[in-house]
file start.cif (mmCIF, C-alpha atoms)
data_run
#
loop_
_atom_site.group_PDB
_atom_site.id
_atom_site.type_symbol
_atom_site.label_atom_id
_atom_site.label_comp_id
_atom_site.auth_asym_id
_atom_site.auth_seq_id
_atom_site.Cartn_x
_atom_site.Cartn_y
_atom_site.Cartn_z
ATOM 1 C CA MET Y 104 21.811 203.894 135.393
ATOM 2 C CA SER Y 105 18.923 201.446 136.039
ATOM 3 C CA SER Y 106 17.822 197.875 136.661
ATOM 4 C CA ASN Y 107 18.264 197.308 132.928
ATOM 5 C CA LEU Y 108 22.041 197.492 133.350
ATOM 6 C CA VAL Y 109 23.369 193.931 133.165
ATOM 7 C CA TYR Y 110 27.143 194.334 132.830
ATOM 8 C CA VAL Y 111 29.907 196.932 133.255
ATOM 9 C CA LEU Y 112 33.535 196.676 132.180
ATOM 10 C CA SER Y 113 36.491 199.015 132.522
ATOM 11 C CA LYS Y 114 39.903 198.575 130.934
ATOM 12 C CA VAL Y 115 43.209 200.323 131.543
ATOM 13 C CA GLN Y 116 46.016 199.580 129.102
ATOM 14 C CA PHE Y 117 49.560 200.480 130.065
ATOM 15 C CA GLY Y 118 53.061 200.271 128.670
ATOM 16 C CA GLU Y 119 53.817 196.565 128.424
ATOM 17 C CA VAL Y 120 55.682 195.018 131.341
ATOM 18 C CA THR Y 121 58.268 192.317 130.655
ATOM 19 C CA GLU Y 122 57.006 188.797 131.200
ATOM 20 C CA THR Y 123 59.716 188.179 133.794
ATOM 21 C CA ALA Y 124 58.735 191.237 135.835
ATOM 22 C CA PHE Y 125 55.071 190.304 135.584
ATOM 23 C CA ARG Y 126 55.593 186.718 136.711
ATOM 24 C CA ASP Y 127 57.649 187.957 139.656
ATOM 25 C CA ALA Y 128 54.726 190.194 140.646
ATOM 26 C CA MET Y 129 51.940 187.622 140.248
ATOM 27 C CA ASP Y 130 52.002 186.233 143.786
ATOM 28 C CA PRO Y 131 52.187 189.672 145.468
ATOM 29 C CA LEU Y 132 49.320 190.879 143.252
ATOM 30 C CA VAL Y 133 47.132 187.922 144.152
ATOM 31 C CA ASP Y 134 47.917 188.299 147.861
ATOM 32 C CA SER Y 135 47.035 192.002 147.728
ATOM 33 C CA LEU Y 136 43.708 191.416 145.976
ATOM 34 C CA ARG Y 137 42.464 188.121 147.377
ATOM 35 C CA LYS Y 138 40.560 189.690 150.281
ATOM 36 C CA GLU Y 139 38.109 191.181 147.763
ATOM 37 C CA TYR Y 140 38.668 188.584 145.030
ATOM 38 C CA PRO Y 141 39.461 185.221 146.676
ATOM 39 C CA ILE Y 142 38.677 182.987 143.675
ATOM 40 C CA PHE Y 143 41.861 182.616 141.628
ATOM 41 C CA ASP Y 144 42.297 180.838 138.288
ATOM 42 C CA GLN Y 145 45.996 180.318 137.642
ATOM 43 C CA LYS Y 146 45.490 178.327 134.433
ATOM 44 C CA LYS Y 147 44.274 181.200 132.276
ATOM 45 C CA GLU Y 148 46.445 182.715 129.563
ATOM 46 C CA PHE Y 149 45.965 185.872 127.528
ATOM 47 C CA ARG Y 150 46.336 185.338 123.800
ATOM 48 C CA VAL Y 151 47.569 188.097 121.499
ATOM 49 C CA PHE Y 152 47.327 187.729 117.730
ATOM 50 C CA GLU Y 153 49.729 189.821 115.661
ATOM 51 C CA VAL Y 154 49.778 190.133 111.875
ATOM 52 C CA GLN Y 155 53.333 190.073 110.530
ATOM 53 C CA VAL Y 156 54.139 190.987 106.919
ATOM 54 C CA THR Y 157 56.829 188.840 105.290
ATOM 55 C CA PRO Y 158 58.085 188.482 101.689
ATOM 56 C CA GLN Y 159 55.891 185.383 101.472
ATOM 57 C CA GLY Y 160 52.774 187.259 102.574
ATOM 58 C CA GLN Y 161 51.027 187.837 105.893
ATOM 59 C CA ASP Y 162 51.409 185.555 108.883
ATOM 60 C CA VAL Y 163 49.290 185.617 112.017
ATOM 61 C CA VAL Y 164 51.476 184.983 115.044
ATOM 62 C CA GLU Y 165 49.906 183.957 118.332
ATOM 63 C CA GLN Y 166 51.558 185.007 121.572
ATOM 64 C CA LYS Y 167 50.501 183.609 124.940
ATOM 65 C CA LEU Y 168 50.976 185.878 127.934
ATOM 66 C CA PRO Y 169 50.517 185.127 131.629
ATOM 67 C CA MET Y 170 47.301 186.399 133.155
ATOM 68 C CA ILE Y 171 45.795 186.748 136.604
ATOM 69 C CA ALA Y 172 42.038 186.124 136.760
ATOM 70 C CA LEU Y 173 40.342 186.817 140.096
ATOM 71 C CA VAL Y 174 36.660 186.718 141.088
ATOM 72 C CA SER Y 175 34.843 187.953 144.191
ATOM 73 C CA ALA Y 176 33.407 185.485 146.714
ATOM 74 C CA THR Y 177 29.903 186.289 145.460
ATOM 75 C CA GLY Y 178 30.928 185.688 141.857
ATOM 76 C CA ASP Y 179 29.657 189.024 140.567
ATOM 77 C CA TRP Y 180 32.933 190.990 140.337
ATOM 78 C CA GLY Y 181 36.010 190.016 138.389
ATOM 79 C CA VAL Y 182 39.542 191.273 137.769
ATOM 80 C CA ARG Y 183 41.980 190.344 135.033
ATOM 81 C CA ILE Y 184 45.581 191.500 134.861
ATOM 82 C CA THR Y 185 48.107 190.867 132.081
ATOM 83 C CA PRO Y 186 51.490 192.428 131.250
ATOM 84 C CA GLN Y 187 49.569 194.853 128.994
ATOM 85 C CA HIS Y 188 46.352 195.809 130.754
ATOM 86 C CA ALA Y 189 43.994 195.451 133.705
ATOM 87 C CA LEU Y 190 40.227 194.849 133.597
ATOM 88 C CA LEU Y 191 37.481 195.295 136.161
ATOM 89 C CA GLN Y 192 34.078 193.783 135.369
ATOM 90 C CA THR Y 193 30.794 193.269 137.216
ATOM 91 C CA LYS Y 194 27.247 192.013 136.804
ATOM 92 C CA ASN Y 195 26.188 193.718 140.034
ATOM 93 C CA TYR Y 196 26.815 197.429 139.421
ATOM 94 C CA VAL Y 197 25.569 199.473 142.389
ATOM 95 C CA SER Y 198 26.919 202.942 141.664
ATOM 96 C CA PHE Y 199 29.744 204.639 139.830
ATOM 97 C CA GLU Y 200 31.338 205.671 143.127
ATOM 98 C CA ASP Y 201 31.483 202.034 144.208
ATOM 99 C CA PHE Y 202 32.933 201.023 140.838
ATOM 100 C CA LYS Y 203 35.484 203.839 140.898
ATOM 101 C CA SER Y 204 36.547 202.874 144.418
ATOM 102 C CA ARG Y 205 37.244 199.319 143.303
ATOM 103 C CA MET Y 206 39.169 200.567 140.285
ATOM 104 C CA SER Y 207 41.170 202.888 142.533
ATOM 105 C CA ASP Y 208 42.144 199.956 144.760
ATOM 106 C CA LEU Y 209 43.122 197.908 141.713
ATOM 107 C CA LEU Y 210 45.283 200.699 140.290
ATOM 108 C CA GLU Y 211 46.965 201.231 143.649
ATOM 109 C CA CYS Y 212 47.776 197.526 143.805
ATOM 110 C CA LEU Y 213 49.172 197.570 140.271
ATOM 111 C CA GLY Y 214 51.371 200.581 140.947
ATOM 112 C CA ALA Y 215 52.750 199.019 144.122
ATOM 113 C CA ASN Y 216 53.651 195.660 142.579
ATOM 114 C CA ILE Y 217 54.393 196.127 138.865
ATOM 115 C CA PRO Y 218 56.876 198.535 137.248
ATOM 116 C CA ILE Y 219 54.255 200.474 135.254
ATOM 117 C CA TYR Y 220 55.321 203.857 133.900
ATOM 118 C CA HIS Y 221 52.860 204.842 131.173
ATOM 119 C CA THR Y 222 49.152 204.660 130.297
ATOM 120 C CA LYS Y 223 47.912 204.038 126.737
ATOM 121 C CA PHE Y 224 44.138 203.571 127.024
ATOM 122 C CA VAL Y 225 41.261 204.035 129.486
ATOM 123 C CA GLY Y 226 37.709 202.882 128.807
ATOM 124 C CA ILE Y 227 34.399 202.009 130.435
ATOM 125 C CA ARG Y 228 31.530 200.060 128.894
ATOM 126 C CA TYR Y 229 27.894 199.663 129.945
ATOM 127 C CA VAL Y 230 25.631 196.901 128.555
ATOM 128 C CA ASN Y 231 21.880 197.435 129.022
ATOM 129 C CA LYS Y 232 18.957 195.117 128.182
ATOM 130 C CA PHE Y 233 15.288 196.103 127.859
ATOM 131 C CA GLU Y 234 12.331 193.725 127.822
ATOM 132 C CA TRP Y 235 9.716 193.953 125.070
ATOM 133 C CA ASP Y 236 6.173 195.017 125.936
ATOM 134 C CA ALA Y 237 3.327 193.818 123.705
ATOM 135 C CA ASN Y 238 1.387 197.048 124.231
ATOM 136 C CA THR Y 239 4.119 199.653 123.875
ATOM 137 C CA ASP Y 240 6.801 197.735 121.967
ATOM 138 C CA PHE Y 241 10.028 199.385 123.243
ATOM 139 C CA SER Y 242 8.682 202.945 123.407
ATOM 140 C CA SER Y 243 8.318 202.700 127.183
ATOM 141 C CA HIS Y 244 12.105 202.323 127.376
ATOM 142 C CA PHE Y 245 13.504 204.224 124.395
ATOM 143 C CA ALA Y 246 12.875 207.916 123.821
ATOM 144 C CA ARG Y 247 14.979 207.652 120.658
ATOM 145 C CA LEU Y 248 13.465 204.729 118.763
ATOM 146 C CA ASP Y 249 15.768 205.525 115.846
ATOM 147 C CA PHE Y 250 18.414 203.601 117.785
ATOM 148 C CA LEU Y 251 16.299 200.459 117.377
ATOM 149 C CA GLN Y 252 14.859 198.602 114.420
ATOM 150 C CA PRO Y 253 13.006 200.763 111.868
ATOM 151 C CA THR Y 254 9.419 199.798 111.043
ATOM 152 C CA LEU Y 255 8.515 198.614 107.537
ATOM 153 C CA LYS Y 256 4.859 198.478 106.450
ATOM 154 C CA GLY Y 257 5.501 195.459 104.265
ATOM 155 C CA ALA Y 258 7.181 193.521 107.088
ATOM 156 C CA PRO Y 259 5.077 193.823 110.236
ATOM 157 C CA SER Y 260 7.051 191.279 112.297
ATOM 158 C CA LYS Y 261 10.467 192.490 113.384
ATOM 159 C CA ALA Y 262 13.074 189.761 113.625
ATOM 160 C CA GLY Y 263 16.064 191.717 114.930
ATOM 161 C CA SER Y 264 18.455 194.566 114.218
ATOM 162 C CA ASN Y 265 21.921 195.777 115.060
ATOM 163 C CA LEU Y 266 23.089 199.395 114.816
ATOM 164 C CA SER Y 267 26.698 200.432 115.354
ATOM 165 C CA CYS Y 268 27.892 204.025 115.396
ATOM 166 C CA ALA Y 269 30.684 206.080 116.921
ATOM 167 C CA TYR Y 270 31.002 209.705 118.020
ATOM 168 C CA VAL Y 271 33.934 211.891 118.997
ATOM 169 C CA THR Y 272 33.250 213.518 122.378
ATOM 170 C CA ASP Y 273 35.066 215.891 124.705
ATOM 171 C CA ALA Y 274 36.039 212.859 126.788
ATOM 172 C CA GLY Y 275 37.279 210.719 123.905
ATOM 173 C CA VAL Y 276 35.273 208.385 121.681
ATOM 174 C CA LEU Y 277 31.823 206.928 122.320
ATOM 175 C CA SER Y 278 30.854 203.742 120.500
ATOM 176 C CA ILE Y 279 27.177 202.753 120.536
ATOM 177 C CA ASN Y 280 25.747 199.375 119.631
ATOM 178 C CA SER Y 281 21.978 199.072 119.862
ATOM 179 C CA GLY Y 282 19.133 197.090 118.393
ATOM 180 C CA VAL Y 283 16.749 194.210 118.967
ATOM 181 C CA ALA Y 284 17.497 190.501 119.299
ATOM 182 C CA VAL Y 285 15.279 187.455 119.829
ATOM 183 C CA ASP Y 286 16.278 184.577 122.118
ATOM 184 C CA GLN Y 287 19.855 185.790 122.407
ATOM 185 C CA ARG Y 288 22.607 185.796 125.021
ATOM 186 C CA ILE Y 289 22.718 188.631 127.531
ATOM 187 C CA ILE Y 290 26.361 189.405 126.774
ATOM 188 C CA PRO Y 291 27.640 190.593 123.354
ATOM 189 C CA GLY Y 292 29.778 188.087 121.487
ATOM 190 C CA ASP Y 293 33.019 190.036 121.887
ATOM 191 C CA LEU Y 294 32.651 189.899 125.687
ATOM 192 C CA LEU Y 295 31.798 186.208 126.081
ATOM 193 C CA GLU Y 296 35.350 185.157 126.893
ATOM 194 C CA LEU Y 297 35.459 187.683 129.738
ATOM 195 C CA ALA Y 298 31.934 186.851 130.915
ATOM 196 C CA VAL Y 299 33.020 183.266 131.596
ATOM 197 C CA ASP Y 300 34.632 184.530 134.808
ATOM 198 C CA LEU Y 301 31.219 185.720 136.059
ATOM 199 C CA ASN Y 302 29.312 182.665 134.771
ATOM 200 C CA MET Y 303 27.414 184.857 132.296
ATOM 201 C CA ALA Y 304 28.582 183.427 128.976
ATOM 202 C CA ASN Y 305 25.608 181.090 128.543
ATOM 203 C CA GLU Y 306 22.889 183.279 130.066
ATOM 204 C CA GLN Y 307 20.068 183.933 127.618
ATOM 205 C CA ARG Y 308 16.866 185.962 127.484
ATOM 206 C CA GLU Y 309 13.863 184.463 125.722
ATOM 207 C CA GLY Y 310 11.770 186.528 123.355
ATOM 208 C CA PRO Y 311 12.593 189.962 121.920
ATOM 209 C CA TRP Y 312 14.940 192.195 123.908
ATOM 210 C CA ALA Y 313 16.446 195.548 123.031
ATOM 211 C CA HIS Y 314 20.050 196.321 123.894
ATOM 212 C CA LEU Y 315 22.030 199.505 124.374
ATOM 213 C CA ASP Y 316 25.780 198.987 124.608
ATOM 214 C CA LEU Y 317 27.705 202.180 125.404
ATOM 215 C CA ASP Y 318 31.505 202.055 125.177
ATOM 216 C CA SER Y 319 33.308 205.267 126.145
ATOM 217 C CA PHE Y 320 37.092 205.333 125.842
ATOM 218 C CA ARG Y 321 40.195 207.446 125.346
ATOM 219 C CA ASN Y 322 43.265 206.401 123.379
ATOM 220 C CA PHE Y 323 46.369 208.424 124.144
ATOM 221 C CA ASP Y 324 48.283 209.317 120.962
ATOM 222 C CA ASP Y 325 51.399 209.611 123.082
ATOM 223 C CA MET Y 326 51.627 207.469 126.179
ATOM 224 C CA VAL Y 327 51.163 209.490 129.362
ATOM 225 C CA GLU Y 328 52.679 208.976 132.774
ATOM 226 C CA PHE Y 329 50.906 206.274 134.774
ATOM 227 C CA SER Y 330 48.931 207.968 137.530
ATOM 228 C CA ARG Y 331 46.041 206.541 139.509
ATOM 229 C CA GLU Y 332 44.522 209.992 140.030
ATOM 230 C CA ASP Y 333 44.726 210.880 136.329
ATOM 231 C CA ILE Y 334 43.214 207.565 135.246
ATOM 232 C CA LEU Y 335 40.315 207.963 137.670
ATOM 233 C CA SER Y 336 39.781 211.518 136.433
ATOM 234 C CA VAL Y 337 39.552 210.269 132.843
ATOM 235 C CA LEU Y 338 37.165 207.540 133.987
ATOM 236 C CA VAL Y 339 34.898 210.170 135.545
ATOM 237 C CA GLU Y 340 34.805 212.082 132.247
ATOM 238 C CA LEU Y 341 34.082 208.941 130.235
ATOM 239 C CA ARG Y 342 31.280 207.908 132.537
ATOM 240 C CA ALA Y 343 29.747 211.408 132.421
ATOM 241 C CA CYS Y 344 29.664 211.130 128.634
ATOM 242 C CA VAL Y 345 27.911 207.756 128.833
ATOM 243 C CA LYS Y 346 25.354 209.116 131.279
ATOM 244 C CA THR Y 347 24.539 212.104 129.059
ATOM 245 C CA ILE Y 348 23.989 209.947 125.980
ATOM 246 C CA TYR Y 349 22.049 207.330 127.941
ATOM 247 C CA GLN Y 350 19.675 209.987 129.228
ATOM 248 C CA GLU Y 351 19.076 211.233 125.685
ATOM 249 C CA ILE Y 352 18.300 207.797 124.254
ATOM 250 C CA ILE Y 353 16.381 206.213 127.140
ATOM 251 C CA THR Y 354 12.984 207.302 128.476
ATOM 252 C CA PRO Y 355 13.302 208.680 132.043
ATOM 253 C CA PRO Y 356 11.751 206.406 134.695
ATOM 254 C CA VAL Y 357 8.356 207.402 136.047
ATOM 255 C CA SER Y 358 8.761 208.801 139.559
#
call {"tool": "encode", "arguments": {"input": "start.cif", "output": "structure tokens"}}
result
Amino acid sequence: MSSNLVYVLSKVQFGEVTETAFRDAMDPLVDSLRKEYPIFDQKKEFRVFEVQVTPQGQDVVEQKLPMIALVSATGDWGVRITPQHALLQTKNYVSFEDFKSRMSDLLECLGANIPIYHTKFVGIRYVNKFEWDANTDFSSHFARLDFLQPTLKGAPSKAGSNLSCAYVTDAGVLSINSGVAVDQRIIPGDLLELAVDLNMANEQREGPWAHLDLDSFRNFDDMVEFSREDILSVLVELRACVKTIYQEIITPPVS
């Protein structure tokens, strides 16, 4: 990727563990991970909202689940674990190999401490930001300007845009959100609650900035056996898909 990459997130969803089994595993999980992630917030809860249909209509039921939230000593890596899924996030992405190694360690820790048997979902998401240039607009960054705001002759001043699209790939599904925003937060709104862990929720960029948010994921129609090696293999495929699309949309750096 590049210096324009501001945030990376990966999620693994598994067959739900009972709350009792999860609470029993919380201390061993924290002890296993605290060398890399020593900052621990034990007050956090994960909220699940479920729509239930009754004879009287639809009710939204809120369920609170226990959650482990851990952050690295430098504050730029974070882990969240619930009875349903595990997340790895960073604002200091160095390389995919480094990221995969951390995910491998996390999965190994999960498998050793929680009775997980099946995997339901694997995904990885890259959020990129690009600064506006008065001379070149965003053409110095984007080879495919059709992923940004179209130009209208009758409206010379662009005030922002947001494009969302999805594609089926060999790896799974790729969701793309791109566009231009003025004086906006670095992190997309749906990630703000997670970004709190990395102190990114209130970070803003002044002026016009383009964004390219690539979310590559695979939903398993039938749950598959939980396997660290298989999950990492899927992650490699998902990342390769992101890289291919990124290289098509973004202008290659000048060497």
call {"tool": "resolve_selection", "arguments": {"input": "start.cif", "expression": "the PyMOL selection byres ((chain Y and resi 115) around 8)", "output": "VMD selection string"}}
result
chain Y and resid 113 to 114 116 to 117 188 to 190 222 to 226
call {"tool": "write_last_selection", "arguments": {"input": "start.cif", "atoms": "C-alpha atoms", "output": "CSV table (one decimal), in the frame of the given file"}}
result
chain,number,residue,atom,x,y,z
Y,113,SER,CA,36.5,199.0,132.5
Y,114,LYS,CA,39.9,198.6,130.9
Y,116,GLN,CA,46.0,199.6,129.1
Y,117,PHE,CA,49.6,200.5,130.1
Y,188,HIS,CA,46.4,195.8,130.8
Y,189,ALA,CA,44.0,195.5,133.7
Y,190,LEU,CA,40.2,194.8,133.6
Y,222,THR,CA,49.2,204.7,130.3
Y,223,LYS,CA,47.9,204.0,126.7
Y,224,PHE,CA,44.1,203.6,127.0
Y,225,VAL,CA,41.3,204.0,129.5
Y,226,GLY,CA,37.7,202.9,128.8
call {"tool": "resolve_selection", "arguments": {"input": "start.cif", "expression": "the PyMOL selection byres ((chain Y and resi 257-273) around 12)", "output": "ChimeraX atom specification"}}
result
/Y:235,240,248-256,274-287,291,310-322,337,340-345,347-348
call {"tool": "closest_residue", "arguments": {"input": "start.cif", "among": "Y:Ala246, Y:Leu191, Y:Leu210, Y:Ile290", "to": "Tyr349 (chain Y)", "atoms": "all atoms listed in the file"}}
result
Y:Ala246
call {"tool": "residues_around", "arguments": {"input": "start.cif", "residues": "Tyr140 (chain Y)", "least_positions_apart": "4", "cutoff": "10 Å", "atoms": "all atoms listed in the file", "output": "list of chain:residue names"}}
result
Y:Val133, Y:Asp134, Y:Ser135, Y:Leu136, Y:Ala172, Y:Leu173, Y:Val174, Y:Ser175, Y:Ala176, Y:Thr177, Y:Gly178, Y:Trp180, Y:Gly181, Y:Val182
call {"tool": "atom_distance", "arguments": {"input": "start.cif", "atom1": "CA of Leu132 (chain Y)", "atom2": "CA of Tyr110 (chain Y)"}}
result
24.7 Å
call {"tool": "closest_residue", "arguments": {"input": "start.cif", "among": "Y:Arg126, Y:Arg308, Y:Lys138, Y:His221", "to": "Phe323 (chain Y)", "atoms": "only C-alpha atoms"}}
result
Y:His221
call {"tool": "resolve_selection", "arguments": {"input": "start.cif", "expression": "the PyMOL selection byres ((chain Y and resi 195) around 10)", "output": "number ranges by chain"}}
result
Y: 106, 108-111, 177-180, 192-194, 196-198, 202
call {"tool": "write_last_selection", "arguments": {"input": "start.cif", "atoms": "C-alpha atoms", "output": "short mmCIF file (atom, residue, chain, number, x, y, z; two decimals), keeping the file's coordinate frame"}}
result
data_model
loop_
_atom_site.label_atom_id
_atom_site.label_comp_id
_atom_site.auth_asym_id
_atom_site.auth_seq_id
_atom_site.Cartn_x
_atom_site.Cartn_y
_atom_site.Cartn_z
CA SER Y 106 17.82 197.88 136.66
CA LEU Y 108 22.04 197.49 133.35
CA VAL Y 109 23.37 193.93 133.16
CA TYR Y 110 27.14 194.33 132.83
CA VAL Y 111 29.91 196.93 133.26
CA THR Y 177 29.90 186.29 145.46
CA GLY Y 178 30.93 185.69 141.86
CA ASP Y 179 29.66 189.02 140.57
CA TRP Y 180 32.93 190.99 140.34
CA GLN Y 192 34.08 193.78 135.37
CA THR Y 193 30.79 193.27 137.22
CA LYS Y 194 27.25 192.01 136.80
CA TYR Y 196 26.82 197.43 139.42
CA VAL Y 197 25.57 199.47 142.39
CA SER Y 198 26.92 202.94 141.66
CA PHE Y 202 32.93 201.02 140.84
#
call {"tool": "closest_residue", "arguments": {"input": "start.cif", "among": "Y:Thr185, Y:Asn302, Y:Ser242, Y:Ser207", "to": "Asp333 (chain Y)", "atoms": "all atoms listed in the file"}}
result
Y:Ser207
call {"tool": "closest_residue", "arguments": {"input": "start.cif", "among": "Y:Lys167, Y:Arg183, Y:Arg137, Y:Arg228", "to": "Leu338 (chain Y)", "atoms": "all atoms listed in the file"}}
result
Y:Arg228
call {"tool": "axis_aligned_box", "arguments": {"input": "start.cif", "around": "region 349-358 of chain Y", "padding_each_side": "8 Å", "output": "AutoDock Vina command-line options"}}
result
--center_x 15.2 --center_y 208.7 --center_z 131.9 --size_x 29.7 --size_y 21.0 --size_z 31.3
call {"tool": "atom_distance", "arguments": {"input": "start.cif", "atom1": "CA of Arg331 (chain Y)", "atom2": "CA of Gly214 (chain Y)"}}
result
8.1 Å
call {"tool": "atom_distance", "arguments": {"input": "start.cif", "atom1": "CA of Glu328 (chain Y)", "atom2": "CA of Met129 (chain Y)"}}
result
22.6 Å
call {"tool": "closest_residue", "arguments": {"input": "start.cif", "among": "Y:Tyr229, Y:Phe329, Y:Phe241, Y:Tyr220", "to": "Val120 (chain Y)", "atoms": "all atoms listed in the file"}}
result
Y:Tyr220
call {"tool": "closest_residue", "arguments": {"input": "start.cif", "among": "Y:Glu119, Y:Pro131, Y:Asn107, Y:Leu301", "to": "Asn216 (chain Y)", "atoms": "all atoms listed in the file"}}
result
Y:Pro131
